[in-house]
>>> print(open('run.txt').read())   # compact mmCIF, C-alpha atoms
# COMPACT_ATOMS: atom_id res chain seq x y z
CA MET A 1 -34.85 -77.89 -16.00
CA SER A 2 -32.12 -75.69 -17.44
CA ALA A 3 -30.31 -76.31 -20.71
CA THR A 4 -26.52 -76.50 -20.69
CA LEU A 5 -24.78 -74.44 -23.35
CA ALA A 6 -21.32 -75.03 -24.80
CA LYS A 7 -19.18 -72.22 -26.16
CA GLY A 8 -20.79 -70.79 -29.29
CA GLN A 9 -24.18 -72.43 -28.73
CA ASN A 10 -27.40 -70.40 -28.48
CA GLY A 11 -30.97 -70.83 -27.40
CA PRO A 12 -34.28 -68.92 -27.58
CA LEU A 13 -35.68 -66.74 -24.79
CA ALA A 14 -39.42 -67.15 -24.45
CA THR A 15 -39.81 -64.82 -21.46
CA ASN A 16 -39.49 -61.05 -21.28
CA ASP A 17 -37.76 -60.71 -17.89
CA VAL A 18 -34.53 -62.60 -17.31
CA VAL A 19 -31.73 -62.48 -14.77
CA ILE A 20 -28.06 -63.14 -15.56
CA SER A 21 -25.92 -64.29 -12.65
CA VAL A 22 -22.51 -65.91 -12.24
CA GLN A 23 -21.08 -68.43 -9.84
CA LEU A 24 -17.35 -68.40 -9.14
CA THR A 25 -14.93 -68.75 -6.25
CA ALA A 26 -12.92 -65.53 -6.80
CA PRO A 27 -14.07 -61.98 -5.99
CA ALA A 28 -15.42 -60.50 -9.21
CA ASP A 29 -17.85 -58.01 -10.73
CA LEU A 30 -20.56 -58.51 -13.32
CA SER A 31 -21.32 -55.72 -15.77
CA ALA A 32 -23.16 -55.24 -19.05
CA LEU A 33 -22.40 -53.50 -22.33
CA LEU A 34 -25.43 -52.57 -24.45
CA VAL A 35 -24.26 -52.31 -28.04
CA THR A 36 -25.76 -51.58 -31.43
CA GLU A 37 -25.37 -53.85 -34.46
CA ARG A 38 -21.99 -52.15 -35.00
CA GLY A 39 -20.79 -53.54 -31.64
CA LYS A 40 -20.56 -50.10 -30.00
CA VAL A 41 -22.42 -48.40 -27.16
CA ARG A 42 -24.42 -45.32 -28.08
CA SER A 43 -23.08 -43.44 -25.05
CA ASP A 44 -21.52 -44.17 -21.66
CA ALA A 45 -25.08 -44.67 -20.32
CA ASP A 46 -25.09 -48.05 -22.11
CA PHE A 47 -22.41 -49.38 -19.74
CA VAL A 48 -24.04 -50.89 -16.61
CA PHE A 49 -21.68 -51.59 -13.70
CA PHE A 50 -21.48 -51.10 -9.93
CA ASN A 51 -20.95 -47.34 -10.15
CA GLN A 52 -23.75 -46.94 -12.74
CA PRO A 53 -26.13 -49.78 -11.85
CA ASN A 54 -29.06 -48.75 -14.03
CA GLY A 55 -29.25 -48.67 -17.81
CA PRO A 56 -31.98 -48.84 -20.43
CA GLY A 57 -33.78 -52.12 -19.67
CA VAL A 58 -30.84 -53.48 -17.61
CA ASN A 59 -30.30 -53.11 -13.86
CA LEU A 60 -27.60 -54.41 -11.55
CA GLN A 61 -29.04 -56.17 -8.50
CA PRO A 62 -27.19 -56.91 -5.23
CA ALA A 63 -26.34 -60.54 -4.53
CA PRO A 64 -25.66 -62.51 -1.34
CA SER A 65 -22.35 -61.78 0.33
CA GLY A 66 -19.38 -63.19 -1.55
CA GLN A 67 -21.16 -63.36 -4.92
CA PRO A 68 -21.20 -60.79 -7.75
CA ALA A 69 -24.33 -58.78 -8.36
CA SER A 70 -26.72 -60.03 -11.03
CA LEU A 71 -28.13 -58.34 -14.12
CA ALA A 72 -31.92 -58.02 -14.31
CA VAL A 73 -32.99 -57.51 -17.94
CA SER A 74 -36.44 -56.43 -19.17
CA LEU A 75 -36.14 -57.21 -22.85
CA ASN A 76 -39.17 -55.15 -23.92
CA ALA A 77 -37.59 -52.09 -22.27
CA VAL A 78 -34.31 -52.36 -24.22
CA PRO A 79 -34.18 -49.62 -26.89
CA ALA A 80 -34.82 -50.81 -30.44
CA ASP A 81 -31.37 -49.78 -31.65
CA ILE A 82 -29.62 -51.99 -29.06
CA ASP A 83 -28.79 -55.26 -30.77
CA GLN A 84 -26.85 -57.11 -28.05
CA ILE A 85 -26.42 -57.11 -24.26
CA ARG A 86 -22.98 -58.49 -23.38
CA ALA A 87 -22.43 -59.79 -19.83
CA VAL A 88 -18.85 -59.27 -18.66
CA ILE A 89 -17.13 -60.87 -15.64
CA THR A 90 -14.14 -58.97 -14.24
CA LEU A 91 -11.91 -60.30 -11.47
CA ASP A 92 -11.41 -57.80 -8.64
CA ASP A 93 -7.69 -58.58 -8.62
CA THR A 94 -6.62 -57.67 -12.14
CA SER A 95 -3.17 -59.16 -11.51
CA SER A 96 -4.81 -62.56 -11.07
CA SER A 97 -6.38 -64.77 -13.75
CA PHE A 98 -9.31 -67.13 -14.25
CA GLY A 99 -6.87 -69.99 -14.81
CA ARG A 100 -6.10 -70.00 -11.08
CA PHE A 101 -9.71 -70.82 -10.10
CA PRO A 102 -12.43 -73.29 -11.06
CA ALA A 103 -14.23 -72.20 -14.22
CA PRO A 104 -17.05 -69.69 -13.56
CA THR A 105 -20.63 -70.56 -14.50
CA ALA A 106 -22.99 -68.04 -16.09
CA VAL A 107 -26.69 -68.64 -15.45
CA VAL A 108 -29.76 -67.20 -17.19
CA SER A 109 -32.97 -67.47 -15.14
CA ASP A 110 -36.50 -66.17 -15.45
CA SER A 111 -37.90 -63.62 -13.00
CA THR A 112 -39.09 -66.36 -10.61
CA GLY A 113 -35.64 -67.94 -10.34
CA ASN A 114 -36.17 -70.89 -12.67
CA ARG A 115 -32.93 -71.62 -14.50
CA LEU A 116 -33.23 -71.45 -18.27
CA TYR A 117 -29.60 -71.84 -19.38
CA GLU A 118 -26.24 -72.56 -17.78
CA TYR A 119 -22.82 -72.07 -19.33
CA GLN A 120 -19.57 -73.11 -17.70
CA VAL A 121 -16.98 -70.68 -19.03
CA ASP A 122 -14.03 -73.05 -19.36
CA GLY A 123 -10.79 -72.79 -21.28
CA LEU A 124 -9.68 -69.54 -19.60
CA GLN A 125 -6.04 -69.22 -18.56
CA SER A 126 -4.29 -65.84 -18.20
CA GLU A 127 -7.38 -63.63 -18.67
CA SER A 128 -8.87 -61.59 -15.85
CA ILE A 129 -11.85 -60.39 -17.96
CA VAL A 130 -14.30 -62.46 -20.01
CA ILE A 131 -17.43 -61.75 -22.03
CA ALA A 132 -19.40 -64.68 -20.62
CA LEU A 133 -22.55 -64.57 -22.72
CA GLU A 134 -24.78 -62.21 -24.67
CA LEU A 135 -28.46 -61.67 -25.25
CA TYR A 136 -29.13 -60.72 -28.87
CA ARG A 137 -31.97 -59.99 -31.28
CA ARG A 138 -32.77 -62.39 -34.09
CA GLN A 139 -35.78 -61.86 -36.40
CA GLY A 140 -37.81 -59.95 -33.85
CA SER A 141 -37.05 -62.27 -30.93
CA TRP A 142 -34.32 -62.53 -28.29
CA LYS A 143 -31.83 -65.34 -27.91
CA VAL A 144 -28.89 -66.14 -25.63
CA ARG A 145 -25.44 -67.20 -26.81
CA ALA A 146 -22.49 -68.64 -24.84
CA VAL A 147 -19.51 -66.48 -25.76
CA GLY A 148 -16.63 -67.18 -23.34
CA GLN A 149 -14.31 -64.67 -24.95
CA GLY A 150 -11.42 -63.86 -22.63
CA TYR A 151 -10.05 -60.37 -23.05
CA ALA A 152 -6.28 -60.02 -22.77
CA GLY A 153 -6.09 -56.26 -23.24
CA GLY A 154 -7.47 -55.34 -19.81
CA PHE A 155 -10.85 -53.94 -18.88
CA ALA A 156 -10.08 -50.43 -20.07
CA ALA A 157 -9.27 -51.85 -23.51
CA LEU A 158 -12.46 -53.92 -23.50
CA VAL A 159 -14.82 -51.04 -22.80
CA THR A 160 -13.00 -48.53 -25.02
CA ASP A 161 -13.22 -51.02 -27.88
CA HIS A 162 -16.96 -50.90 -27.28
CA GLY A 163 -17.00 -47.11 -27.37
CA VAL A 164 -17.01 -46.28 -23.64
CA THR A 165 -15.03 -43.21 -22.62
CA VAL A 166 -12.40 -43.96 -19.98
CA ASP A 167 -10.66 -41.29 -17.93
CA GLU A 168 -7.29 -42.67 -16.98
CA ALA A 169 -4.82 -41.25 -14.48
CA PRO A 170 -1.90 -39.47 -16.18
CA ALA A 171 1.23 -41.54 -16.51
CA ALA A 172 3.92 -40.88 -13.99
CA ALA A 173 6.90 -38.96 -15.34
CA PRO A 174 9.86 -41.27 -15.95
CA GLN A 175 12.64 -41.00 -13.43
CA ALA A 176 16.17 -40.75 -14.71
CA ALA A 177 18.59 -42.97 -12.91
CA PRO A 178 22.33 -43.02 -13.55
CA PRO A 179 23.98 -46.42 -13.36
CA PRO A 180 25.29 -47.39 -9.93
CA PRO A 181 28.98 -47.74 -9.19
CA ALA A 182 30.28 -51.25 -9.75
CA GLN A 183 30.31 -53.35 -6.64
CA PRO A 184 30.61 -57.07 -5.99
CA ALA A 185 27.35 -58.94 -5.62
CA PRO A 186 26.52 -59.85 -2.03
CA ALA A 187 26.72 -63.46 -0.99
CA TYR A 188 23.42 -65.06 -0.06
CA PRO A 189 22.89 -68.41 1.64
CA THR A 190 23.40 -71.20 -0.85
CA GLN A 191 21.68 -74.03 0.96
CA PRO A 192 18.82 -75.56 -1.06
CA ALA A 193 15.32 -74.40 -0.19
CA PRO A 194 13.36 -76.97 1.82
CA GLN A 195 10.47 -78.76 0.17
CA TYR A 196 7.05 -78.13 1.72
CA ALA A 197 4.31 -80.69 1.81
CA PRO A 198 0.89 -79.47 0.69
CA THR A 199 -0.50 -80.19 4.15
CA GLN A 200 2.11 -78.23 6.09
CA ALA A 201 0.59 -75.68 8.46
CA ASN A 202 1.00 -72.16 7.23
CA PRO A 203 0.49 -69.43 9.85
CA ALA A 204 0.17 -66.80 7.14
CA GLY A 205 -3.06 -68.30 5.82
CA PRO A 206 -4.03 -69.74 2.42
CA GLY A 207 -2.28 -68.33 -0.62
CA TYR A 208 0.79 -67.08 1.21
CA PRO A 209 4.22 -68.71 0.96
CA PRO A 210 5.28 -70.88 3.91
CA PRO A 211 7.66 -69.37 6.46
CA PRO A 212 11.41 -69.69 5.99
CA THR A 213 13.35 -72.28 7.95
CA ALA A 214 16.92 -71.63 6.85
CA GLY A 215 17.82 -68.33 5.26
CA TYR A 216 14.85 -67.45 3.06
CA PRO A 217 13.40 -69.79 0.46
CA PRO A 218 12.10 -68.74 -2.94
CA PRO A 219 8.33 -68.18 -3.21
CA GLY A 220 6.35 -71.30 -2.43
CA PRO A 221 3.58 -73.01 -4.41
CA GLY A 222 0.63 -70.82 -5.31
CA TYR A 223 2.70 -67.86 -6.50
CA PRO A 224 2.59 -67.15 -10.22
CA PRO A 225 5.95 -66.39 -11.81
CA PRO A 226 6.67 -62.71 -12.47
CA PRO A 227 5.21 -61.61 -15.83
CA GLY A 228 7.64 -61.74 -18.71
CA PRO A 229 8.16 -59.31 -21.60
CA GLY A 230 4.94 -58.56 -23.42
CA GLN A 231 2.81 -60.00 -20.58
CA GLY A 232 2.18 -56.87 -18.57
CA ALA A 233 5.63 -56.99 -17.04
CA PRO A 234 6.45 -54.02 -14.83
CA PRO A 235 9.24 -51.68 -15.83
CA PRO A 236 12.77 -52.83 -15.07
CA THR A 237 14.05 -52.55 -11.53
CA GLN A 238 15.33 -49.09 -10.75
CA GLN A 239 19.05 -49.05 -10.14
CA ALA A 240 20.49 -47.62 -7.00
CA VAL A 241 20.84 -43.86 -7.15
CA PRO A 242 23.73 -42.31 -5.24
CA GLN A 243 22.23 -40.31 -2.43
CA GLN A 244 23.05 -36.71 -1.82
CA ALA A 245 24.97 -36.12 1.36
CA HIS A 246 22.58 -35.24 4.17
CA ALA A 247 23.64 -33.85 7.50
CA GLU A 248 22.95 -36.37 10.22
CA VAL A 249 20.12 -35.20 12.42
CA SER A 250 19.47 -35.78 16.12
CA LEU A 251 16.35 -37.11 17.77
CA SER A 252 14.28 -34.63 19.72
CA LYS A 253 11.93 -34.98 22.68
CA ASP A 254 9.73 -32.16 21.47
CA ARG A 255 8.82 -33.19 17.95
CA PRO A 256 9.55 -36.04 15.56
CA VAL A 257 12.31 -35.60 13.03
CA SER A 258 11.02 -35.39 9.47
CA LEU A 259 13.54 -37.36 7.48
CA GLN A 260 14.39 -36.83 3.87
CA LYS A 261 15.33 -39.63 1.53
CA GLY A 262 18.84 -40.79 2.41
CA GLN A 263 19.00 -38.90 5.70
CA ARG A 264 20.39 -40.62 8.79
CA VAL A 265 19.67 -40.34 12.47
CA THR A 266 21.54 -41.84 15.43
CA LEU A 267 19.30 -43.90 17.69
CA ARG A 268 20.14 -41.93 20.80
CA LYS A 269 17.80 -39.62 22.64
CA GLU A 270 18.74 -36.12 23.66
CA GLY A 271 21.27 -36.43 26.43
CA GLY A 272 23.00 -39.36 24.75
CA THR A 273 20.87 -42.21 26.09
CA ALA A 274 20.82 -45.07 23.61
CA LEU A 275 17.46 -46.44 22.52
CA THR A 276 17.06 -50.10 23.32
CA PHE A 277 13.52 -50.92 22.16
CA VAL A 278 11.99 -49.32 19.07
CA LYS A 279 8.92 -49.75 16.90
CA MET A 280 8.87 -49.33 13.16
CA GLY A 281 5.36 -48.38 12.03
CA LEU A 282 4.40 -48.54 8.37
CA GLY A 283 1.21 -47.16 6.91
CA TRP A 284 -0.65 -46.54 3.68
CA ASP A 285 -4.14 -45.75 2.47
CA PRO A 286 -6.34 -47.76 0.09
CA VAL A 287 -6.28 -46.45 -3.45
CA GLN A 288 -9.39 -44.89 -5.01
CA SER A 289 -10.01 -46.25 -8.50
CA ARG A 290 -10.84 -43.72 -11.21
CA GLY A 291 -12.28 -43.41 -14.66
CA MET A 292 -14.67 -46.11 -15.77
CA PHE A 293 -15.34 -47.27 -12.21
CA GLY A 294 -15.72 -43.80 -10.73
CA ASN A 295 -14.63 -43.62 -7.10
CA ARG A 296 -14.24 -47.04 -5.53
CA THR A 297 -11.91 -48.18 -2.78
CA VAL A 298 -9.62 -51.00 -3.85
CA ASP A 299 -8.04 -53.17 -1.16
CA VAL A 300 -4.29 -52.67 -1.31
CA ASP A 301 -2.44 -55.39 0.58
CA LEU A 302 0.98 -54.07 1.51
CA ASP A 303 3.19 -56.23 3.68
CA ALA A 304 5.87 -54.91 6.00
CA SER A 305 8.87 -57.11 6.71
CA VAL A 306 12.41 -56.81 7.99
CA ALA A 307 15.42 -58.68 6.67
CA MET A 308 18.38 -59.21 9.01
CA PHE A 309 21.88 -59.27 7.53
CA ALA A 310 25.35 -60.07 8.80
CA ASP A 311 27.33 -57.85 6.45
CA ALA A 312 26.01 -59.04 3.05
CA ASN A 313 24.74 -62.41 4.26
CA LEU A 314 21.06 -62.93 4.97
CA VAL A 315 20.43 -64.21 8.50
CA ASP A 316 16.65 -64.13 8.98
CA VAL A 317 13.40 -62.47 7.88
CA ALA A 318 10.43 -61.42 10.01
CA TYR A 319 7.28 -61.14 7.89
CA TYR A 320 3.62 -62.22 7.80
CA GLY A 321 4.59 -65.91 7.58
CA GLN A 322 7.12 -65.80 10.41
CA LEU A 323 6.12 -63.08 12.79
CA THR A 324 9.11 -63.41 15.12
CA SER A 325 12.77 -63.72 14.17
CA LYS A 326 14.44 -66.91 15.36
CA ASP A 327 16.43 -65.01 18.01
CA GLY A 328 13.30 -63.21 19.27
CA SER A 329 14.72 -59.72 18.76
CA VAL A 330 12.28 -58.72 15.98
CA ARG A 331 8.53 -59.21 16.26
CA HIS A 332 5.97 -58.47 13.57
CA GLN A 333 2.57 -57.50 15.02
CA GLY A 334 0.44 -59.04 12.29
CA ASP A 335 -0.76 -58.67 8.73
CA ASN A 336 -3.07 -55.89 7.50
CA LEU A 337 -4.79 -56.82 4.24
CA THR A 338 -6.30 -53.49 3.21
CA GLY A 339 -4.60 -50.43 4.73
CA GLU A 340 -7.90 -49.37 6.29
CA GLY A 341 -7.82 -47.29 9.45
CA GLU A 342 -5.78 -44.45 10.85
CA GLY A 343 -2.15 -44.57 11.88
CA ASP A 344 0.16 -47.54 11.48
CA ASP A 345 -1.15 -50.40 9.39
CA GLU A 346 1.65 -52.77 10.33
CA VAL A 347 4.10 -52.52 13.25
CA ILE A 348 7.43 -54.27 13.77
CA LEU A 349 9.00 -54.26 17.25
CA VAL A 350 12.79 -54.36 17.58
CA ASP A 351 14.68 -55.08 20.79
CA LEU A 352 18.11 -53.73 19.94
CA THR A 353 19.65 -55.37 23.03
CA ARG A 354 18.73 -58.86 21.77
CA ILE A 355 20.02 -58.55 18.22
CA PRO A 356 22.95 -60.97 17.83
CA ALA A 357 26.36 -59.34 17.62
CA HIS A 358 27.00 -60.63 14.09
CA VAL A 359 23.84 -58.96 12.71
CA SER A 360 24.88 -55.62 11.26
CA THR A 361 21.82 -54.37 9.35
CA LEU A 362 18.02 -54.53 9.63
CA LEU A 363 16.36 -53.59 6.37
CA PHE A 364 12.68 -52.58 6.59
CA MET A 365 10.72 -53.07 3.39
CA VAL A 366 7.18 -53.03 2.07
CA THR A 367 5.89 -55.29 -0.70
CA SER A 368 2.58 -55.14 -2.56
CA TYR A 369 1.06 -58.63 -2.46
CA LYS A 370 -1.59 -57.99 -5.15
CA GLY A 371 0.79 -56.12 -7.43
CA HIS A 372 -0.52 -52.58 -6.93
CA THR A 373 2.24 -50.09 -7.64
CA PHE A 374 3.14 -47.22 -5.34
CA GLU A 375 1.78 -44.75 -7.88
CA GLN A 376 -1.63 -46.21 -6.94
CA ILE A 377 -0.99 -46.09 -3.18
CA GLN A 378 -1.58 -43.03 -1.06
CA ASN A 379 0.16 -41.73 2.06
CA ALA A 380 2.82 -44.43 2.38
CA PHE A 381 5.12 -43.74 5.33
CA CYS A 382 7.36 -45.31 7.90
CA ARG A 383 8.04 -43.96 11.36
CA LEU A 384 10.33 -44.74 14.27
CA VAL A 385 8.73 -44.90 17.72
CA ASP A 386 10.41 -45.11 21.13
CA GLY A 387 9.20 -48.42 22.53
CA GLY A 388 9.57 -47.13 26.07
CA ASN A 389 7.09 -44.25 25.94
CA ASN A 390 5.48 -44.62 22.49
CA ALA A 391 6.81 -41.21 21.42
CA GLU A 392 7.31 -40.78 17.69
CA LEU A 393 10.97 -39.98 17.04
CA ALA A 394 11.30 -39.84 13.27
CA ARG A 395 9.09 -40.16 10.20
CA TYR A 396 9.74 -40.63 6.51
CA THR A 397 6.84 -40.00 4.12
CA MET A 398 7.12 -41.20 0.56
CA ALA A 399 6.50 -38.22 -1.70
CA GLY A 400 5.18 -39.07 -5.15
CA GLY A 401 4.21 -42.46 -6.53
CA MET A 402 6.54 -44.78 -8.37
CA ARG A 403 5.84 -47.68 -10.70
CA PHE A 404 7.18 -50.29 -8.32
CA THR A 405 5.59 -53.02 -6.25
CA ALA A 406 8.20 -52.98 -3.47
CA MET A 407 9.93 -50.34 -1.41
CA ALA A 408 13.03 -50.40 0.77
CA MET A 409 11.74 -47.89 3.32
CA ALA A 410 14.52 -47.67 5.90
CA LYS A 411 17.47 -49.49 7.38
CA VAL A 412 18.81 -49.69 10.92
CA TYR A 413 22.52 -50.52 11.05
CA ARG A 414 25.48 -50.65 13.40
CA VAL A 415 28.22 -48.04 13.47
CA GLY A 416 30.65 -49.07 16.19
CA ASN A 417 28.63 -49.35 19.39
CA ASP A 418 25.75 -47.24 18.05
CA TRP A 419 22.72 -47.98 15.94
CA LYS A 420 21.67 -45.57 13.20
CA MET A 421 18.61 -45.37 10.97
CA GLN A 422 18.61 -44.20 7.36
CA ALA A 423 15.51 -43.33 5.30
CA LEU A 424 15.74 -45.07 1.92
CA GLY A 425 12.51 -44.83 -0.09
CA GLU A 426 13.93 -46.85 -3.00
CA GLY A 427 11.57 -48.80 -5.24
CA PHE A 428 11.99 -52.11 -7.01
CA GLN A 429 9.83 -54.97 -8.30
CA ALA A 430 8.68 -57.68 -5.88
CA LYS A 431 5.26 -58.80 -4.64
CA HIS A 432 6.42 -60.59 -1.51
CA PRO A 433 9.57 -60.90 0.62
CA GLY A 434 10.74 -64.04 -1.18
CA GLU A 435 11.12 -62.01 -4.37
CA ALA A 436 12.48 -58.97 -2.56
CA VAL A 437 15.33 -60.38 -0.48
CA PRO A 438 17.67 -61.23 -3.39
CA GLN A 439 17.47 -57.60 -4.52
CA LEU A 440 18.47 -55.98 -1.22
CA GLY A 441 22.23 -56.16 -1.55
CA ARG A 442 22.54 -52.66 -2.97
CA PHE A 443 21.06 -51.17 0.20
CA LEU A 444 23.56 -52.76 2.57
CA SER A 445 26.63 -50.62 1.98
CA ALA A 446 27.37 -48.09 4.73
CA ASP A 447 27.36 -44.82 2.80
>>> encode(input="run.txt", output="structure tokens")
Amino acid sequence: MSATLAKGQNGPLATNDVVISVQLTAPADLSALLVTERGKVRSDADFVFFNQPNGPGVNLQPAPSGQPASLAVSLNAVPADIDQIRAVITLDDTSSSFGRFPAPTAVVSDSTGNRLYEYQVDGLQSESIVIALELYRRQGSWKVRAVGQGYAGGFAALVTDHGVTVDEAPAAAPQAAPPPPAQPAPAYPTQPAPQYAPTQANPAGPGYPPPPTAGYPPPGPGYPPPPGPGQGAPPPTQQAVPQQAHAEVSLSKDRPVSLQKGQRVTLRKEGGTALTFVKMGLGWDPVQSRGMFGNRTVDVDLDASVAMFADANLVDVAYYGQLTSKDGSVRHQGDNLTGEGEGDDEVILVDLTRIPAHVSTLLFMVTSYKGHTFEQIQNAFCRLVDGGNNAELARYTMAGGMRFTAMAMAKVYRVGNDWKMQALGEGFQAKHPGEAVPQLGRFLSAD
């Protein structure tokens, strides 16, 4: 029968081969730092993790699907100058925190699977990294201690404090942005947001906000508030930058138009025939993590959505929680959670003939649900496709990453009896459409 440890408690290890495992409901990784009595690794070889699964006396072992790997430790094979083996749990989603899930449990077993010690790592709130427990030498023997030390400085700070070398991506150069010209704030619907019962059906799946019913409500339950100053808050929202005048281009049958930021195109084919049914495809590639983790694909969940405006007033939003606009003119083809695969990751269909006469602008945007910034995201693009023959008509590729979690990619708007599209490529801070919509007013002016 296993012994239950409380934070700070310890117990003896009478066996040479032990296995450290963790039980938790969130995707996470287990790793180990082998440190000397000074609390430092001797070299990067003393850091055992998924990209370096073998260390002196410590090996990472695969676990059943949905559970972190475990650490197999042969204590007699640990070098004599290693004083402690620290077991670290790291949430896959570093923008999340242990406080959002049931407390993880760290387990120490012998080589046959018999549990020796259990420690429920409670008391965690905003941390996404925790040193769960450590094996340590005491008077020629080994013991285990429940640590439960949450680390607020991030995983890079944790391992560098222990002497591990971390290669970080260079910081993006700051972008100068002159203040925008003064303009009145757009009017948004003022009706109160409806209250949602916990049992209400949510077509977007667990963890997503419920769909809007009138206008667009603020984010629903389950969304953490945006981080404040000193809590890993992203840089302030970039202000609108006056666009350089671009000559309006024409669509071509032979090849797609490659749009520049701010450039406009009339939605008429060669010969003057107006487009009536178009697709907006949005794509991106999963980011490859660097440095301490080596090369590892991280799931980047971008969400495409389109907000419909009558002048400056929000009319409707098509997004992962409401795939079809109320009038049926805009249809979202479904949510992509990773960006895996070639071509478009999310597609929005627009029937221009069904858009109500009072709707003047469709604003296509992308938000990063897990908080990855566009400097971490590769090959983000949007493209306009003729819905009649699937021919690509225009494409805008975002060049260079920006430290934003949302992007206004393009807008389609009325000019008299015509529809035009303008490439935007403007970044701001929002993780989902509910946070994004109130910031879209600056993109609505017809410049």
>>> closest_residue(input="run.txt", among="A:Gly387, A:Gly434, A:Pro256, A:Pro356", to="Lys326 (chain A)", atoms="all atoms listed in the file")
A:Pro356
>>> closest_residue(input="run.txt", among="A:Thr361, A:Gln260, A:Ser109, A:Gln61", to="Gly425 (chain A)", atoms="all atoms listed in the file")
A:Gln260
>>> atom_distance(input="run.txt", atom1="CA of Asp351 (chain A)", atom2="CA of Thr276 (chain A)")
6.1 Å
>>> closest_residue(input="run.txt", among="A:Gly281, A:Gly123, A:Pro79, A:Gly262", to="Phe443 (chain A)", atoms="all atoms listed in the file")
A:Gly262
>>> closest_residue(input="run.txt", among="A:Pro68, A:Gly441, A:Gly388, A:Pro62", to="Leu24 (chain A)", atoms="only C-alpha atoms")
A:Pro68
>>> atom_distance(input="run.txt", atom1="CA of Tyr136 (chain A)", atom2="CA of Arg86 (chain A)")
8.5 Å
>>> closest_residue(input="run.txt", among="A:Arg137, A:Lys40, A:His432, A:Lys420", to="Ser360 (chain A)", atoms="only C-alpha atoms")
A:Lys420
>>> residues_around(input="run.txt", residues="region 110-121 of chain A", least_positions_apart="4", cutoff="9 Å", atoms="only C-alpha atoms", output="JSON, numbers by chain")
{"A": [1, 2, 3, 4, 5, 6, 7, 11, 13, 15, 16, 17, 18, 19, 20, 72, 103, 104, 105, 106, 130, 132, 133, 144, 146, 147, 148, 149]}
>>> atom_distance(input="run.txt", atom1="CA of Thr397 (chain A)", atom2="CA of Arg383 (chain A)")
8.3 Å
>>> closest_residue(input="run.txt", among="A:Asn10, A:Thr324, A:Thr36, A:Thr90", to="Lys143 (chain A)", atoms="all atoms listed in the file")
A:Asn10
>>> residues_around(input="run.txt", residues="Val315 (chain A)", least_positions_apart="4", cutoff="8 Å", atoms="all atoms listed in the file", output="PDB file with C-alpha atoms, in the frame of the given file")
ATOM      1  CA  GLY A 215      17.820 -68.330   5.260  1.00  0.00           C
ATOM      2  CA  ALA A 307      15.420 -58.680   6.670  1.00  0.00           C
ATOM      3  CA  MET A 308      18.380 -59.210   9.010  1.00  0.00           C
ATOM      4  CA  PHE A 309      21.880 -59.270   7.530  1.00  0.00           C
ATOM      5  CA  ALA A 310      25.350 -60.070   8.800  1.00  0.00           C
ATOM      6  CA  VAL A 359      23.840 -58.960  12.710  1.00  0.00           C
TER       7      VAL A 359
END
>>> residues_near_point(input="run.txt", point="(-9.4, -57.2, -8.6)", cutoff="9 Å", atoms="only C-alpha atoms", output="list in words")
Pro27, Ala28, Asp29, Thr90, Leu91, Asp92, Asp93, Thr94, Ser95, Ser96, Ser128, Val298, Asp299 and Lys370 of chain A
